[in-house]
file target-v3.cif (mmCIF, C-alpha atoms)
data_query
loop_
_atom_site.group_PDB
_atom_site.id
_atom_site.type_symbol
_atom_site.label_atom_id
_atom_site.label_comp_id
_atom_site.auth_asym_id
_atom_site.auth_seq_id
_atom_site.Cartn_x
_atom_site.Cartn_y
_atom_site.Cartn_z
ATOM 1 C CA MET A 494 0.000 0.000 0.000
ATOM 2 C CA ILE A 495 1.252 3.460 -0.944
ATOM 3 C CA HIS A 496 -0.544 6.168 1.037
ATOM 4 C CA LEU A 497 -0.098 9.329 -1.009
ATOM 5 C CA PRO A 498 0.599 12.596 0.818
ATOM 6 C CA ALA A 499 -2.518 14.741 1.260
ATOM 7 C CA LEU A 500 -3.689 15.915 -2.141
ATOM 8 C CA PRO A 501 -4.473 19.494 -3.269
ATOM 9 C CA GLY A 502 -7.416 21.162 -1.568
ATOM 10 C CA THR A 503 -7.716 18.651 1.279
ATOM 11 C CA PRO A 504 -7.365 19.816 4.907
ATOM 12 C CA HIS A 505 -3.867 18.388 5.434
ATOM 13 C CA ALA A 506 -2.397 19.279 2.025
ATOM 14 C CA ARG A 507 1.132 20.631 2.354
ATOM 15 C CA GLN A 508 2.987 19.405 -0.736
ATOM 16 C CA SER A 509 2.982 20.344 -4.405
ATOM 17 C CA ILE A 510 2.030 17.885 -7.127
ATOM 18 C CA PRO A 511 5.700 17.309 -8.099
ATOM 19 C CA GLU A 512 6.526 16.580 -4.444
ATOM 20 C CA ILE A 513 3.590 14.168 -4.130
ATOM 21 C CA VAL A 514 4.581 12.368 -7.320
ATOM 22 C CA ALA A 515 8.210 12.138 -6.205
ATOM 23 C CA ALA A 516 7.186 10.721 -2.813
ATOM 24 C CA ALA A 517 4.991 8.073 -4.453
ATOM 25 C CA SER A 518 7.730 7.127 -6.886
ATOM 26 C CA ARG A 519 10.355 6.838 -4.140
ATOM 27 C CA GLU A 520 8.106 4.720 -1.919
ATOM 28 C CA ALA A 521 7.346 2.458 -4.870
ATOM 29 C CA GLU A 522 11.072 2.018 -5.489
ATOM 30 C CA LEU A 523 11.681 1.062 -1.855
ATOM 31 C CA LEU A 524 8.792 -1.411 -1.812
ATOM 32 C CA VAL A 525 9.924 -3.021 -5.059
ATOM 33 C CA GLU A 526 13.496 -3.305 -3.777
ATOM 34 C CA ALA A 527 12.116 -5.018 -0.666
ATOM 35 C CA GLY A 528 10.408 -7.659 -2.790
ATOM 36 C CA ILE A 529 6.679 -6.863 -2.867
ATOM 37 C CA ASP A 530 4.413 -8.523 -5.464
ATOM 38 C CA ALA A 531 2.007 -5.669 -6.225
ATOM 39 C CA LEU A 532 1.306 -2.039 -5.378
ATOM 40 C CA LEU A 533 -1.908 -0.238 -4.414
ATOM 41 C CA ILE A 534 -2.110 3.569 -4.337
ATOM 42 C CA GLU A 535 -4.563 5.304 -1.998
ATOM 43 C CA ASN A 536 -5.358 8.863 -0.905
ATOM 44 C CA MET A 537 -5.652 8.006 2.791
ATOM 45 C CA HIS A 538 -4.173 11.314 3.954
ATOM 46 C CA ASP A 539 -7.109 13.202 2.396
ATOM 47 C CA ARG A 540 -9.244 12.812 5.541
ATOM 48 C CA PRO A 541 -11.983 13.667 6.159
ATOM 49 C CA TYR A 542 -13.032 11.969 2.956
ATOM 50 C CA LEU A 543 -15.644 13.042 0.479
ATOM 51 C CA ARG A 544 -18.426 10.529 -0.087
ATOM 52 C CA GLY A 545 -18.771 8.850 -3.441
ATOM 53 C CA LYS A 546 -17.230 11.622 -5.544
ATOM 54 C CA VAL A 547 -13.998 13.616 -5.637
ATOM 55 C CA GLY A 548 -12.994 16.656 -7.640
ATOM 56 C CA PRO A 549 -10.900 16.843 -10.805
ATOM 57 C CA GLU A 550 -7.891 18.019 -8.799
ATOM 58 C CA ILE A 551 -7.849 14.700 -6.910
ATOM 59 C CA ILE A 552 -8.268 12.624 -10.059
ATOM 60 C CA ALA A 553 -5.470 14.556 -11.796
ATOM 61 C CA ALA A 554 -3.076 14.246 -8.839
ATOM 62 C CA MET A 555 -3.740 10.544 -8.383
ATOM 63 C CA THR A 556 -3.283 9.898 -12.097
ATOM 64 C CA ALA A 557 0.062 11.719 -12.050
ATOM 65 C CA ALA A 558 1.190 9.647 -9.061
ATOM 66 C CA ALA A 559 -0.091 6.423 -10.628
ATOM 67 C CA VAL A 560 1.784 7.077 -13.871
ATOM 68 C CA ALA A 561 4.989 7.652 -11.876
ATOM 69 C CA VAL A 562 4.503 4.419 -9.906
ATOM 70 C CA ARG A 563 3.766 2.550 -13.129
ATOM 71 C CA ARG A 564 7.158 3.646 -14.485
ATOM 72 C CA VAL A 565 8.856 2.194 -11.412
ATOM 73 C CA PHE A 566 7.052 -1.159 -11.304
ATOM 74 C CA ALA A 567 5.867 -3.304 -14.199
ATOM 75 C CA GLY A 568 3.976 -5.737 -11.947
ATOM 76 C CA PRO A 569 0.362 -5.493 -10.807
ATOM 77 C CA CYS A 570 -0.642 -1.996 -9.682
ATOM 78 C CA GLY A 571 -3.987 -0.720 -8.453
ATOM 79 C CA VAL A 572 -5.682 2.340 -7.025
ATOM 80 C CA GLN A 573 -8.357 3.216 -4.491
ATOM 81 C CA VAL A 574 -9.931 6.670 -4.282
ATOM 82 C CA LEU A 575 -11.498 7.429 -0.903
ATOM 83 C CA ALA A 576 -14.215 7.380 -0.113
ATOM 84 C CA ALA A 577 -16.075 5.093 -2.502
ATOM 85 C CA ALA A 578 -15.090 7.222 -5.513
ATOM 86 C CA ASN A 579 -15.000 4.053 -7.550
ATOM 87 C CA GLU A 580 -15.634 5.418 -11.040
ATOM 88 C CA GLU A 581 -12.879 7.963 -10.452
ATOM 89 C CA ALA A 582 -10.547 5.127 -9.425
ATOM 90 C CA LEU A 583 -11.462 3.250 -12.593
ATOM 91 C CA ALA A 584 -10.639 6.322 -14.682
ATOM 92 C CA VAL A 585 -7.262 6.722 -12.954
ATOM 93 C CA ALA A 586 -6.463 3.035 -13.456
ATOM 94 C CA GLN A 587 -7.356 3.110 -17.125
ATOM 95 C CA SER A 588 -5.381 6.298 -17.787
ATOM 96 C CA ALA A 589 -2.274 5.103 -15.931
ATOM 97 C CA GLY A 590 -2.330 1.534 -17.248
ATOM 98 C CA LEU A 591 -3.053 -0.077 -13.883
ATOM 99 C CA GLU A 592 -4.481 -3.568 -13.462
ATOM 100 C CA PHE A 593 -7.067 -3.186 -10.692
ATOM 101 C CA ILE A 594 -9.046 -0.949 -8.371
ATOM 102 C CA ARG A 595 -10.281 -1.430 -4.826
ATOM 103 C CA ALA A 596 -13.955 -0.494 -4.636
ATOM 104 C CA GLU A 597 -16.160 0.243 -1.638
ATOM 105 C CA GLY A 598 -19.916 -0.193 -1.476
ATOM 106 C CA PHE A 599 -20.154 -2.586 -4.403
ATOM 107 C CA VAL A 600 -23.239 -4.394 -3.125
ATOM 108 C CA PHE A 601 -25.850 -3.618 -0.454
ATOM 109 C CA ALA A 602 -25.174 -0.491 1.626
ATOM 110 C CA HIS A 603 -23.451 0.521 4.843
ATOM 111 C CA VAL A 604 -22.974 3.582 7.007
ATOM 112 C CA ALA A 605 -19.341 4.691 6.860
ATOM 113 C CA ASP A 606 -17.505 7.565 8.553
ATOM 114 C CA GLU A 607 -18.507 9.674 5.555
ATOM 115 C CA GLY A 608 -22.197 8.739 5.648
ATOM 116 C CA LEU A 609 -24.334 6.290 3.705
ATOM 117 C CA ILE A 610 -22.455 4.317 1.046
ATOM 118 C CA GLU A 611 -24.796 2.589 -1.401
ATOM 119 C CA GLY A 612 -24.290 -0.260 -3.848
ATOM 120 C CA CYS A 613 -22.528 0.799 -7.050
ATOM 121 C CA ALA A 614 -21.999 -2.415 -9.015
ATOM 122 C CA ALA A 615 -24.379 -1.581 -11.864
ATOM 123 C CA PRO A 616 -23.117 1.906 -12.786
ATOM 124 C CA LEU A 617 -19.480 0.975 -12.133
ATOM 125 C CA LEU A 618 -19.515 -2.055 -14.426
ATOM 126 C CA ARG A 619 -21.404 -0.124 -17.091
ATOM 127 C CA ALA A 620 -18.758 2.591 -16.949
ATOM 128 C CA ARG A 621 -16.033 -0.037 -17.299
ATOM 129 C CA ARG A 622 -17.728 -1.427 -20.405
ATOM 130 C CA ALA A 623 -18.457 1.995 -21.916
ATOM 131 C CA TRP A 624 -14.878 3.194 -21.399
ATOM 132 C CA GLY A 625 -13.259 0.062 -22.780
ATOM 133 C CA ALA A 626 -11.600 -0.520 -19.406
ATOM 134 C CA GLU A 627 -12.525 -4.175 -19.023
ATOM 135 C CA SER A 628 -8.898 -5.160 -18.447
ATOM 136 C CA VAL A 629 -9.105 -3.371 -15.068
ATOM 137 C CA LYS A 630 -10.132 -5.794 -12.324
ATOM 138 C CA ILE A 631 -12.522 -4.589 -9.621
ATOM 139 C CA PHE A 632 -11.775 -6.013 -6.169
ATOM 140 C CA THR A 633 -14.572 -5.196 -3.756
ATOM 141 C CA ASP A 634 -14.739 -4.728 0.004
ATOM 142 C CA ILE A 635 -17.473 -6.659 1.811
ATOM 143 C CA LYS A 636 -18.620 -5.716 5.328
ATOM 144 C CA LYS A 637 -15.926 -3.061 5.175
ATOM 145 C CA LYS A 638 -13.888 -1.611 8.066
ATOM 146 C CA HIS A 639 -14.695 1.822 9.561
ATOM 147 C CA SER A 640 -18.372 1.160 8.954
ATOM 148 C CA SER A 641 -21.611 0.211 10.640
ATOM 149 C CA HIS A 642 -23.427 -2.707 9.044
ATOM 150 C CA ALA A 643 -26.570 -2.563 11.163
ATOM 151 C CA ILE A 644 -28.752 -1.950 8.107
ATOM 152 C CA THR A 645 -27.574 -5.285 6.699
ATOM 153 C CA GLY A 646 -27.458 -7.045 10.047
ATOM 154 C CA ASP A 647 -29.570 -9.877 8.625
ATOM 155 C CA VAL A 648 -27.067 -10.449 5.779
ATOM 156 C CA ASP A 649 -23.858 -12.152 6.884
ATOM 157 C CA ILE A 650 -20.469 -11.806 5.236
ATOM 158 C CA VAL A 651 -20.845 -15.034 3.221
ATOM 159 C CA GLU A 652 -24.146 -13.830 1.761
ATOM 160 C CA THR A 653 -22.472 -10.523 0.965
ATOM 161 C CA ALA A 654 -19.673 -12.371 -0.848
ATOM 162 C CA HIS A 655 -22.262 -14.332 -2.822
ATOM 163 C CA ALA A 656 -23.977 -11.075 -3.807
ATOM 164 C CA ALA A 657 -20.666 -9.560 -4.935
ATOM 165 C CA GLU A 658 -19.958 -12.670 -7.003
ATOM 166 C CA PHE A 659 -23.452 -12.582 -8.539
ATOM 167 C CA PHE A 660 -22.935 -8.914 -9.410
ATOM 168 C CA CYS A 661 -19.667 -9.721 -11.224
ATOM 169 C CA SER A 662 -16.965 -8.662 -8.754
ATOM 170 C CA ASP A 663 -13.459 -9.822 -9.694
ATOM 171 C CA GLY A 664 -12.525 -10.548 -6.076
ATOM 172 C CA VAL A 665 -13.702 -9.795 -2.544
ATOM 173 C CA ILE A 666 -11.800 -8.102 0.264
ATOM 174 C CA VAL A 667 -12.267 -9.046 3.914
ATOM 175 C CA THR A 668 -11.172 -6.567 6.607
ATOM 176 C CA GLY A 669 -11.090 -6.094 10.332
ATOM 177 C CA THR A 670 -13.063 -3.316 11.998
ATOM 178 C CA ALA A 671 -10.502 -0.547 11.393
ATOM 179 C CA THR A 672 -7.219 0.212 9.644
ATOM 180 C CA GLY A 673 -4.547 -2.130 10.980
ATOM 181 C CA ASP A 674 -7.047 -4.388 12.743
ATOM 182 C CA PRO A 675 -6.812 -8.109 11.877
ATOM 183 C CA VAL A 676 -9.586 -9.953 10.100
ATOM 184 C CA ASP A 677 -11.725 -12.512 11.861
ATOM 185 C CA LEU A 678 -10.152 -15.807 10.767
ATOM 186 C CA GLY A 679 -13.489 -17.586 10.962
ATOM 187 C CA GLU A 680 -15.085 -15.053 8.624
ATOM 188 C CA LEU A 681 -12.116 -15.204 6.256
ATOM 189 C CA ALA A 682 -12.222 -19.005 6.093
ATOM 190 C CA ALA A 683 -16.002 -18.984 5.588
ATOM 191 C CA VAL A 684 -15.774 -16.546 2.695
ATOM 192 C CA ALA A 685 -12.889 -18.425 1.086
ATOM 193 C CA GLY A 686 -14.858 -21.648 1.323
ATOM 194 C CA ALA A 687 -18.042 -20.146 -0.092
ATOM 195 C CA THR A 688 -16.929 -18.276 -3.215
ATOM 196 C CA ALA A 689 -14.930 -19.084 -6.308
ATOM 197 C CA LEU A 690 -13.636 -15.520 -6.391
ATOM 198 C CA PRO A 691 -10.169 -14.542 -5.184
ATOM 199 C CA VAL A 692 -10.337 -13.507 -1.522
ATOM 200 C CA LEU A 693 -8.050 -10.705 -0.356
ATOM 201 C CA VAL A 694 -7.243 -9.642 3.201
ATOM 202 C CA GLY A 695 -7.702 -5.881 3.462
ATOM 203 C CA SER A 696 -6.357 -5.011 6.917
ATOM 204 C CA GLY A 697 -4.260 -6.207 9.808
ATOM 205 C CA ALA A 698 -1.834 -8.533 8.027
ATOM 206 C CA THR A 699 1.415 -8.852 9.996
ATOM 207 C CA LEU A 700 4.468 -11.041 10.187
ATOM 208 C CA GLU A 701 2.874 -12.757 13.168
ATOM 209 C CA ASN A 702 -0.434 -13.713 11.517
ATOM 210 C CA VAL A 703 0.389 -14.138 7.823
ATOM 211 C CA GLU A 704 0.806 -17.900 8.266
ATOM 212 C CA ASP A 705 -2.775 -18.102 9.562
ATOM 213 C CA LEU A 706 -4.050 -15.992 6.659
ATOM 214 C CA PHE A 707 -2.106 -17.866 4.001
ATOM 215 C CA PRO A 708 -4.425 -20.895 3.522
ATOM 216 C CA HIS A 709 -7.489 -18.699 2.968
ATOM 217 C CA ALA A 710 -6.254 -15.638 1.064
ATOM 218 C CA SER A 711 -5.269 -15.106 -2.541
ATOM 219 C CA ALA A 712 -3.514 -11.886 -1.509
ATOM 220 C CA VAL A 713 -3.007 -9.560 1.432
ATOM 221 C CA ILE A 714 -3.002 -5.783 1.297
ATOM 222 C CA VAL A 715 -0.405 -4.514 3.762
ATOM 223 C CA GLY A 716 -0.233 -0.918 4.923
ATOM 224 C CA SER A 717 0.248 -0.330 8.652
ATOM 225 C CA HIS A 718 2.614 -3.258 9.236
ATOM 226 C CA PHE A 719 5.045 -1.858 6.669
ATOM 227 C CA LYS A 720 5.304 1.480 8.507
ATOM 228 C CA GLN A 721 7.507 2.367 11.454
ATOM 229 C CA SER A 722 5.845 1.402 14.764
ATOM 230 C CA GLY A 723 3.019 -0.158 12.740
ATOM 231 C CA LYS A 724 1.264 3.202 12.274
ATOM 232 C CA TRP A 725 -0.347 3.758 8.871
ATOM 233 C CA ASP A 726 0.752 7.401 8.708
ATOM 234 C CA GLY A 727 4.366 6.739 9.634
ATOM 235 C CA PRO A 728 7.384 6.416 7.321
ATOM 236 C CA LEU A 729 8.037 3.181 5.475
ATOM 237 C CA ASP A 730 9.976 0.489 7.347
ATOM 238 C CA THR A 731 11.799 -1.393 4.597
ATOM 239 C CA GLY A 732 13.142 -3.914 7.084
ATOM 240 C CA ALA A 733 9.592 -4.910 8.003
ATOM 241 C CA VAL A 734 8.744 -5.287 4.317
ATOM 242 C CA ARG A 735 11.734 -7.541 3.650
ATOM 243 C CA GLU A 736 11.092 -9.676 6.701
ATOM 244 C CA PHE A 737 7.430 -10.088 5.752
ATOM 245 C CA MET A 738 8.223 -11.025 2.155
ATOM 246 C CA GLN A 739 10.855 -13.532 3.288
ATOM 247 C CA ARG A 740 8.221 -15.175 5.468
ATOM 248 C CA VAL A 741 5.787 -15.257 2.545
ATOM 249 C CA ALA A 742 8.460 -16.878 0.368
ATOM 250 C CA VAL A 743 8.860 -19.658 2.949
ATOM 251 C CA LEU A 744 5.099 -20.195 3.093
ATOM 252 C CA ARG A 745 4.860 -20.351 -0.676
ATOM 253 C CA ALA A 746 7.683 -22.862 -0.875
ATOM 254 C CA SER A 747 5.989 -25.031 1.751
ATOM 255 C CA ALA A 748 2.696 -24.869 -0.147
ATOM 256 C CA ILE A 749 4.373 -26.026 -3.356
ATOM 257 C CA VAL A 750 5.934 -28.984 -1.564
#
call {"tool": "encode", "arguments": {"input": "target-v3.cif", "output": "structure tokens"}}
result
Amino acid sequence: MIHLPALPGTPHARQSIPEIVAAASREAELLVEAGIDALLIENMHDRPYLRGKVGPEIIAAMTAAAVAVRRVFAGPCGVQVLAAANEEALAVAQSAGLEFIRAEGFVFAHVADEGLIEGCAAPLLRARRAWGAESVKIFTDIKKKHSSHAITGDVDIVETAHAAEFFCSDGVIVTGTATGDPVDLGELAAVAGATALPVLVGSGATLENVEDLFPHASAVIVGSHFKQSGKWDGPLDTGAVREFMQRVAVLRASAIV
């Protein structure tokens, strides 16, 4: 995960576009040198987040950063635009030649920090078709962190995964309750056993629990654990990245055997 510096016009913005792009490019270089498999760009420092839409200044800045990261790394790259600005993320991914987006609110609805996030599968997939962006995969959060799911309290996470699959998601993302919080292993295993889609872990992956996650997850998205002191807004800890990837390499080798 690459958390971009706060973008223009947001409350914590302090850096120019060239500085933001340079920071993203440098972090991508460090992550690649440490052995990661894929990169995901996100505007997490833009808090408090807009709901469902962002302005052209955010789309332009994220596209510039994504193009710079793409130059650094030829492997899988994706983007998420907070909060739930999924069509904007798709546009950034298509323009920058990225392979995937992370989308919120794909099916059903939930109450997030930003307010009510409603299902977006139909317009999002129609936009993908209309724009000729069908090479961009859409990985979708289900029962997402930082949210209340009381309005879907009678729909469990497995049913939500089934709905995402029925509505043509390319993969589902399981999270804990907040950034850096681990997933519920029972929920993760249940989802992995119930859907043919790839299942990604979207929060709380660490060196200590990756072995437990490994049998159930197609991928893990790592942010906080790769930062100094495990804080999402801290500087990158390349030693933690290397140690984590070495552990993953051992797990992969064991799985092959």
call {"tool": "atom_distance", "arguments": {"input": "target-v3.cif", "atom1": "CA of Thr633 in chain A", "atom2": "CA of Ala689 in chain A"}}
result
14.1 Å
call {"tool": "closest_atom_pairs", "arguments": {"input": "target-v3.cif", "of": "range 536-568 of chain A", "to": "range 711-726 of chain A", "cutoff": "12 Å", "atoms": "all atoms listed in the file", "output": "CSV"}}
result
residue,atom,partner,partner_atom,distance
A:Asn536,CA,A:Asp726,CA,11.5
A:Met537,CA,A:Asp726,CA,8.7
A:His538,CA,A:Asp726,CA,7.9
A:Asp539,CA,A:Asp726,CA,11.6
A:Arg540,CA,A:Asp726,CA,11.8
call {"tool": "resolve_selection", "arguments": {"input": "target-v3.cif", "expression": "the PyMOL selection byres ((chain A and resi 566) around 10)", "output": "list in words"}}
result
Ser518, Ala521, Glu522, Leu524, Val525, Asp530, Ala531, Leu532, Ala561, Val562, Arg563, Arg564, Val565, Ala567, Gly568, Pro569 and Cys570 of chain A
call {"tool": "residues_around", "arguments": {"input": "target-v3.cif", "residues": "Ser662 in chain A", "least_positions_apart": "3", "cutoff": "7 Å", "atoms": "all atoms listed in the file", "output": "list of chain:residue names"}}
result
A:Ile631, A:Phe632, A:Thr633, A:Ala657, A:Glu658
call {"tool": "residues_near_point", "arguments": {"input": "target-v3.cif", "point": "(-5.3, -13.3, 2.6)", "cutoff": "9 Å", "atoms": "only C-alpha atoms", "output": "PyMOL selection string"}}
result
chain A and resi 666-667+681+692-695+698+703+705-714
call {"tool": "write_last_selection", "arguments": {"input": "target-v3.cif", "atoms": "C-alpha atoms", "output": "PDB file, keeping the file's coordinate frame"}}
result
ATOM      1  CA  ILE A 666     -11.800  -8.102   0.264  1.00  0.00           C
ATOM      2  CA  VAL A 667     -12.267  -9.046   3.914  1.00  0.00           C
ATOM      3  CA  LEU A 681     -12.116 -15.204   6.256  1.00  0.00           C
ATOM      4  CA  VAL A 692     -10.337 -13.507  -1.522  1.00  0.00           C
ATOM      5  CA  LEU A 693      -8.050 -10.705  -0.356  1.00  0.00           C
ATOM      6  CA  VAL A 694      -7.243  -9.642   3.201  1.00  0.00           C
ATOM      7  CA  GLY A 695      -7.702  -5.881   3.462  1.00  0.00           C
ATOM      8  CA  ALA A 698      -1.834  -8.533   8.027  1.00  0.00           C
ATOM      9  CA  VAL A 703       0.389 -14.138   7.823  1.00  0.00           C
ATOM     10  CA  ASP A 705      -2.775 -18.102   9.562  1.00  0.00           C
ATOM     11  CA  LEU A 706      -4.050 -15.992   6.659  1.00  0.00           C
ATOM     12  CA  PHE A 707      -2.106 -17.866   4.001  1.00  0.00           C
ATOM     13  CA  PRO A 708      -4.425 -20.895   3.522  1.00  0.00           C
ATOM     14  CA  HIS A 709      -7.489 -18.699   2.968  1.00  0.00           C
ATOM     15  CA  ALA A 710      -6.254 -15.638   1.064  1.00  0.00           C
ATOM     16  CA  SER A 711      -5.269 -15.106  -2.541  1.00  0.00           C
ATOM     17  CA  ALA A 712      -3.514 -11.886  -1.509  1.00  0.00           C
ATOM     18  CA  VAL A 713      -3.007  -9.560   1.432  1.00  0.00           C
ATOM     19  CA  ILE A 714      -3.002  -5.783   1.297  1.00  0.00           C
TER      20      ILE A 714
END
call {"tool": "decode", "arguments": {"input": "target-v3.cif", "residues": "range 579-660 of chain A", "atoms": "C-alpha atoms", "output": "PDB file, in the first residue's frame"}}
result
ATOM      1  CA  ASN A 579     -15.000   4.053  -7.550  1.00  0.00           C
ATOM      2  CA  GLU A 580     -15.634   5.418 -11.040  1.00  0.00           C
ATOM      3  CA  GLU A 581     -12.879   7.963 -10.452  1.00  0.00           C
ATOM      4  CA  ALA A 582     -10.547   5.127  -9.425  1.00  0.00           C
ATOM      5  CA  LEU A 583     -11.462   3.250 -12.593  1.00  0.00           C
ATOM      6  CA  ALA A 584     -10.639   6.322 -14.682  1.00  0.00           C
ATOM      7  CA  VAL A 585      -7.262   6.722 -12.954  1.00  0.00           C
ATOM      8  CA  ALA A 586      -6.463   3.035 -13.456  1.00  0.00           C
ATOM      9  CA  GLN A 587      -7.356   3.110 -17.125  1.00  0.00           C
ATOM     10  CA  SER A 588      -5.381   6.298 -17.787  1.00  0.00           C
ATOM     11  CA  ALA A 589      -2.274   5.103 -15.931  1.00  0.00           C
ATOM     12  CA  GLY A 590      -2.330   1.534 -17.248  1.00  0.00           C
ATOM     13  CA  LEU A 591      -3.053  -0.077 -13.883  1.00  0.00           C
ATOM     14  CA  GLU A 592      -4.481  -3.568 -13.462  1.00  0.00           C
ATOM     15  CA  PHE A 593      -7.067  -3.186 -10.692  1.00  0.00           C
ATOM     16  CA  ILE A 594      -9.046  -0.949  -8.371  1.00  0.00           C
ATOM     17  CA  ARG A 595     -10.281  -1.430  -4.826  1.00  0.00           C
ATOM     18  CA  ALA A 596     -13.955  -0.494  -4.636  1.00  0.00           C
ATOM     19  CA  GLU A 597     -16.160   0.243  -1.638  1.00  0.00           C
ATOM     20  CA  GLY A 598     -19.916  -0.193  -1.476  1.00  0.00           C
ATOM     21  CA  PHE A 599     -20.154  -2.586  -4.403  1.00  0.00           C
ATOM     22  CA  VAL A 600     -23.239  -4.394  -3.125  1.00  0.00           C
ATOM     23  CA  PHE A 601     -25.850  -3.618  -0.454  1.00  0.00           C
ATOM     24  CA  ALA A 602     -25.174  -0.491   1.626  1.00  0.00           C
ATOM     25  CA  HIS A 603     -23.451   0.521   4.843  1.00  0.00           C
ATOM     26  CA  VAL A 604     -22.974   3.582   7.007  1.00  0.00           C
ATOM     27  CA  ALA A 605     -19.341   4.691   6.860  1.00  0.00           C
ATOM     28  CA  ASP A 606     -17.505   7.565   8.553  1.00  0.00           C
ATOM     29  CA  GLU A 607     -18.507   9.674   5.555  1.00  0.00           C
ATOM     30  CA  GLY A 608     -22.197   8.739   5.648  1.00  0.00           C
ATOM     31  CA  LEU A 609     -24.334   6.290   3.705  1.00  0.00           C
ATOM     32  CA  ILE A 610     -22.455   4.317   1.046  1.00  0.00           C
ATOM     33  CA  GLU A 611     -24.796   2.589  -1.401  1.00  0.00           C
ATOM     34  CA  GLY A 612     -24.290  -0.260  -3.848  1.00  0.00           C
ATOM     35  CA  CYS A 613     -22.528   0.799  -7.050  1.00  0.00           C
ATOM     36  CA  ALA A 614     -21.999  -2.415  -9.015  1.00  0.00           C
ATOM     37  CA  ALA A 615     -24.379  -1.581 -11.864  1.00  0.00           C
ATOM     38  CA  PRO A 616     -23.117   1.906 -12.786  1.00  0.00           C
ATOM     39  CA  LEU A 617     -19.480   0.975 -12.133  1.00  0.00           C
ATOM     40  CA  LEU A 618     -19.515  -2.055 -14.426  1.00  0.00           C
ATOM     41  CA  ARG A 619     -21.404  -0.124 -17.091  1.00  0.00           C
ATOM     42  CA  ALA A 620     -18.758   2.591 -16.949  1.00  0.00           C
ATOM     43  CA  ARG A 621     -16.033  -0.037 -17.299  1.00  0.00           C
ATOM     44  CA  ARG A 622     -17.728  -1.427 -20.405  1.00  0.00           C
ATOM     45  CA  ALA A 623     -18.457   1.995 -21.916  1.00  0.00           C
ATOM     46  CA  TRP A 624     -14.878   3.194 -21.399  1.00  0.00           C
ATOM     47  CA  GLY A 625     -13.259   0.062 -22.780  1.00  0.00           C
ATOM     48  CA  ALA A 626     -11.600  -0.520 -19.406  1.00  0.00           C
ATOM     49  CA  GLU A 627     -12.525  -4.175 -19.023  1.00  0.00           C
ATOM     50  CA  SER A 628      -8.898  -5.160 -18.447  1.00  0.00           C
ATOM     51  CA  VAL A 629      -9.105  -3.371 -15.068  1.00  0.00           C
ATOM     52  CA  LYS A 630     -10.132  -5.794 -12.324  1.00  0.00           C
ATOM     53  CA  ILE A 631     -12.522  -4.589  -9.621  1.00  0.00           C
ATOM     54  CA  PHE A 632     -11.775  -6.013  -6.169  1.00  0.00           C
ATOM     55  CA  THR A 633     -14.572  -5.196  -3.756  1.00  0.00           C
ATOM     56  CA  ASP A 634     -14.739  -4.728   0.004  1.00  0.00           C
ATOM     57  CA  ILE A 635     -17.473  -6.659   1.811  1.00  0.00           C
ATOM     58  CA  LYS A 636     -18.620  -5.716   5.328  1.00  0.00           C
ATOM     59  CA  LYS A 637     -15.926  -3.061   5.175  1.00  0.00           C
ATOM     60  CA  LYS A 638     -13.888  -1.611   8.066  1.00  0.00           C
ATOM     61  CA  HIS A 639     -14.695   1.822   9.561  1.00  0.00           C
ATOM     62  CA  SER A 640     -18.372   1.160   8.954  1.00  0.00           C
ATOM     63  CA  SER A 641     -21.611   0.211  10.640  1.00  0.00           C
ATOM     64  CA  HIS A 642     -23.427  -2.707   9.044  1.00  0.00           C
ATOM     65  CA  ALA A 643     -26.570  -2.563  11.163  1.00  0.00           C
ATOM     66  CA  ILE A 644     -28.752  -1.950   8.107  1.00  0.00           C
ATOM     67  CA  THR A 645     -27.574  -5.285   6.699  1.00  0.00           C
ATOM     68  CA  GLY A 646     -27.458  -7.045  10.047  1.00  0.00           C
ATOM     69  CA  ASP A 647     -29.570  -9.877   8.625  1.00  0.00           C
ATOM     70  CA  VAL A 648     -27.067 -10.449   5.779  1.00  0.00           C
ATOM     71  CA  ASP A 649     -23.858 -12.152   6.884  1.00  0.00           C
ATOM     72  CA  ILE A 650     -20.469 -11.806   5.236  1.00  0.00           C
ATOM     73  CA  VAL A 651     -20.845 -15.034   3.221  1.00  0.00           C
ATOM     74  CA  GLU A 652     -24.146 -13.830   1.761  1.00  0.00           C
ATOM     75  CA  THR A 653     -22.472 -10.523   0.965  1.00  0.00           C
ATOM     76  CA  ALA A 654     -19.673 -12.371  -0.848  1.00  0.00           C
ATOM     77  CA  HIS A 655     -22.262 -14.332  -2.822  1.00  0.00           C
ATOM     78  CA  ALA A 656     -23.977 -11.075  -3.807  1.00  0.00           C
ATOM     79  CA  ALA A 657     -20.666  -9.560  -4.935  1.00  0.00           C
ATOM     80  CA  GLU A 658     -19.958 -12.670  -7.003  1.00  0.00           C
ATOM     81  CA  PHE A 659     -23.452 -12.582  -8.539  1.00  0.00           C
ATOM     82  CA  PHE A 660     -22.935  -8.914  -9.410  1.00  0.00           C
TER      83      PHE A 660
END
